[in-house]
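Worksheet for the structure shown next.
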There are 2 protein chains.
Amino acid sequence: MTGRQTGASAGRRIRLDRESRRDQILAAATGLIARRGFWGLTVREVALECAITEAGVLHHVGSKDRLLTAVLEYRDRLDRHALASRLGVDVAALEADPAPFGLRELCVATVERNAAQPEIVQLYAVLQGEALAAEHPAHDYFVRRERIAMSLFERAAAASGVDAALRETTARETMAAMDGLQLRWLTDRDAVDFVREWERFADRLFA
Amino acid sequence: MTGRQTGASAGRRIRLDRESRRDQILAAATGLIARRGFWGLTVREVALECAITEAGVLHHVGSKDRLLTAVLEYRDRLDRHALASRLGVDVAALEADPAPFGLRELCVATVERNAAQPEIVQLYAVLQGEALAAEHPAHDYFVRRERIAMSLFERAAAASGVDAALRETTARETMAAMDGLQLRWLTDRDAVDFVREWERFADRLFA
DNA sequence: GTCTATAGGACGATAGAC
DNA sequence: GTCTATCGTCCTATAGAC
């Protein structure tokens, strides 16, 4: 249960109950989008899971499109913190150049974080597919995300001593390997030990 | 224009106009699903592209669900032939054990075939994401497809002399690498030369 | 902040005429 | 084989009461 607090003592950084209902909506939407995609999502389903009406949901997020945006922003914030934490650095360090971590460290941190939250990984896998089309409301987000990830992996490659001319390819190949293995894992979670298989794969890649 | 033919001379192997309308519907659906996914697809859009009514579309394919099944079966048939042809073998050879082709050959054939048909690749990428959920009408299809592909790559690995204990992992890693790179390519087709990047990646993988 | 009510469409599917 | 007409349902979103 979220603690109650009156308006007087509430700074910008304190979560009130108003925010907690919103968070509940975002959490419900996260799970539903992971299973049905954005085109398959209905506001009604979100409302049902939160035990309020459709009008209630729309009051908090504005529209179905803005709900998607809110979910992605929310996850981004959490995931950046989780990644930085696993790397043992500050969040700001994720943008530093040169990166204070190598390619292998970055991969391990990413894989371990993802292995711990299959639902979120599936959310991104489903949306990444849907958002390939330019008309999708999350298309621009995923183009941006790709650029940011490439930059991150290129800087990590640099920190690992990868030759400048090979950094882009190396970053892309590394991301491809992780994403591809991830997809295999999502398809049959029991058959694939994601972390273990990644370790083998990494040994081959970084030999 | 498809040639016309009367019923009398029509064996099972000859396409009539009735079939060509169906093919037109499947072609339209293929493009639309590639862009919007199955949940985003509407029968109305298919009808518009074929310049007939919704009732007309449903007359040919039965229902929206069966339309998806028909599209996937249709593509499967074409793609197996395209792959076998590039490998210089008969379609039946794709199931042979041991495979009459190695892992590297299989990869090159697959990548070159896929590079030539981005729309189809995107169709599978979008559906693969959507179909992760068990309720999706193509879920079972993709589970089956994964098993068939694994078997194919494992047999090719065997033909390449990969140790029996490593074949499963090798197959999975290889498929992961191709799929992952493919996704990068689909996200920004101009920035990634799929065939070229794959060659570099393969050199690293098969070193 | 949550509700009821409802607008205003779009949806998949079927029946039956031609 | 394609049409028109229609059913019943679902959809997002808004207006306004409480």
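Each chain of the structure tokens is named A, B, ... in the order shown, its residues numbered from 1; ligands are numbered from 1 in display order.
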
Any idea which chain A residues end up within 8 Å of chain D if we count only C-alpha atoms (C1' of nucleotides), as a VMD selection string please?
chain A and resid 42 to 43 63 to 64

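Set the cut-off at 10 Å, count only C-alpha atoms (C1' of nucleotides), and the residues of chain C near chain A turn out to be DG1, DT2, DC3 and DT4 of chain C.
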
Give me, as CSV, each residue of chain A that comes within 6 Å of chain B, together with its shortest interatomic pair and the distance in Å at one decimal, counting only C-alpha atoms, with rows ordered by chain and rising residue number.
```
residue,atom,partner,partner_atom,distance
A:Arg35,CA,B:Ala133,CA,5.2
A:Trp39,CA,B:Gly40,CA,5.1
A:Gly40,CA,B:Trp39,CA,5.1
A:Ala125,CA,B:Gly129,CA,5.7
A:Val126,CA,B:Gly129,CA,4.2
A:Gly129,CA,B:Val126,CA,4.2
A:Glu130,CA,B:Val126,CA,5.5
A:Ala133,CA,B:Arg35,CA,5.2
A:Ala176,CA,B:Gly180,CA,3.8
A:Ala177,CA,B:Ala177,CA,4.7
A:Asp179,CA,B:Gly180,CA,5.4
A:Gly180,CA,B:Ala176,CA,3.9
A:Leu181,CA,B:Ala176,CA,4.9
```

Just C-alpha atoms for this one: save the residues we selected as a JSON list (two decimals), in the first residue's frame.
```json
[["chain", "number", "residue", "atom", "x", "y", "z"],
["A", 35, "ARG", "CA", 0.73, -10.20, -24.82],
["A", 39, "TRP", "CA", -3.01, -2.82, -31.97],
["A", 40, "GLY", "CA", -4.40, -5.69, -29.93],
["A", 125, "ALA", "CA", 10.01, -7.70, -28.68],
["A", 126, "VAL", "CA", 6.35, -7.37, -29.61],
["A", 129, "GLY", "CA", 8.04, -5.88, -34.54],
["A", 130, "GLU", "CA", 4.87, -3.79, -34.72],
["A", 133, "ALA", "CA", 5.98, 0.27, -39.83],
["A", 176, "ALA", "CA", 22.01, -8.71, -33.03],
["A", 177, "ALA", "CA", 23.37, -11.73, -31.20],
["A", 179, "ASP", "CA", 18.40, -9.82, -29.51],
["A", 180, "GLY", "CA", 18.29, -12.97, -31.57],
["A", 181, "LEU", "CA", 19.07, -15.24, -28.66]]
```

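Proximity of B:Glu54, B:Asp23, B:Glu49, B:Asp163 to DT14 of chain C, computed with only C-alpha atoms (C1' of nucleotides), is greatest for B:Glu54.
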
Every residue of segment 22-161 of chain B that DSSP places in alpha helix (DSSP H), as JSON, numbers by chain
{"B": [22, 23, 24, 25, 26, 27, 28, 29, 30, 31, 32, 33, 34, 35, 36, 37, 38, 39, 40, 43, 44, 45, 46, 47, 48, 49, 50, 54, 55, 56, 57, 58, 59, 60, 61, 64, 65, 66, 67, 68, 69, 70, 71, 72, 73, 74, 75, 76, 77, 78, 79, 80, 81, 82, 83, 84, 85, 86, 87, 103, 104, 105, 106, 107, 108, 109, 110, 111, 112, 113, 114, 115, 118, 119, 120, 121, 122, 123, 124, 125, 126, 127, 128, 129, 130, 139, 140, 141, 142, 143, 144, 145, 146, 147, 148, 149, 150, 151, 152, 153, 154, 155, 156, 157, 158, 159]}

Record the distance separating atom CA of Arg77 of chain B and atom CA of Ala157 of chain B, expressed in Å with one decimal.
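Computing the Euclidean distance for atom CA of Arg77 of chain B and atom CA of Ala157 of chain B yields 23.7 Å.
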
Using Å and a single decimal, report how far atom CA of Ala28 of chain A sits from atom C1' of DA5 of chain C.
25.6 Å

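Going from atom CA of Val195 of chain B over to atom CA of Ala109 of chain B, you cover 10.4 Å.
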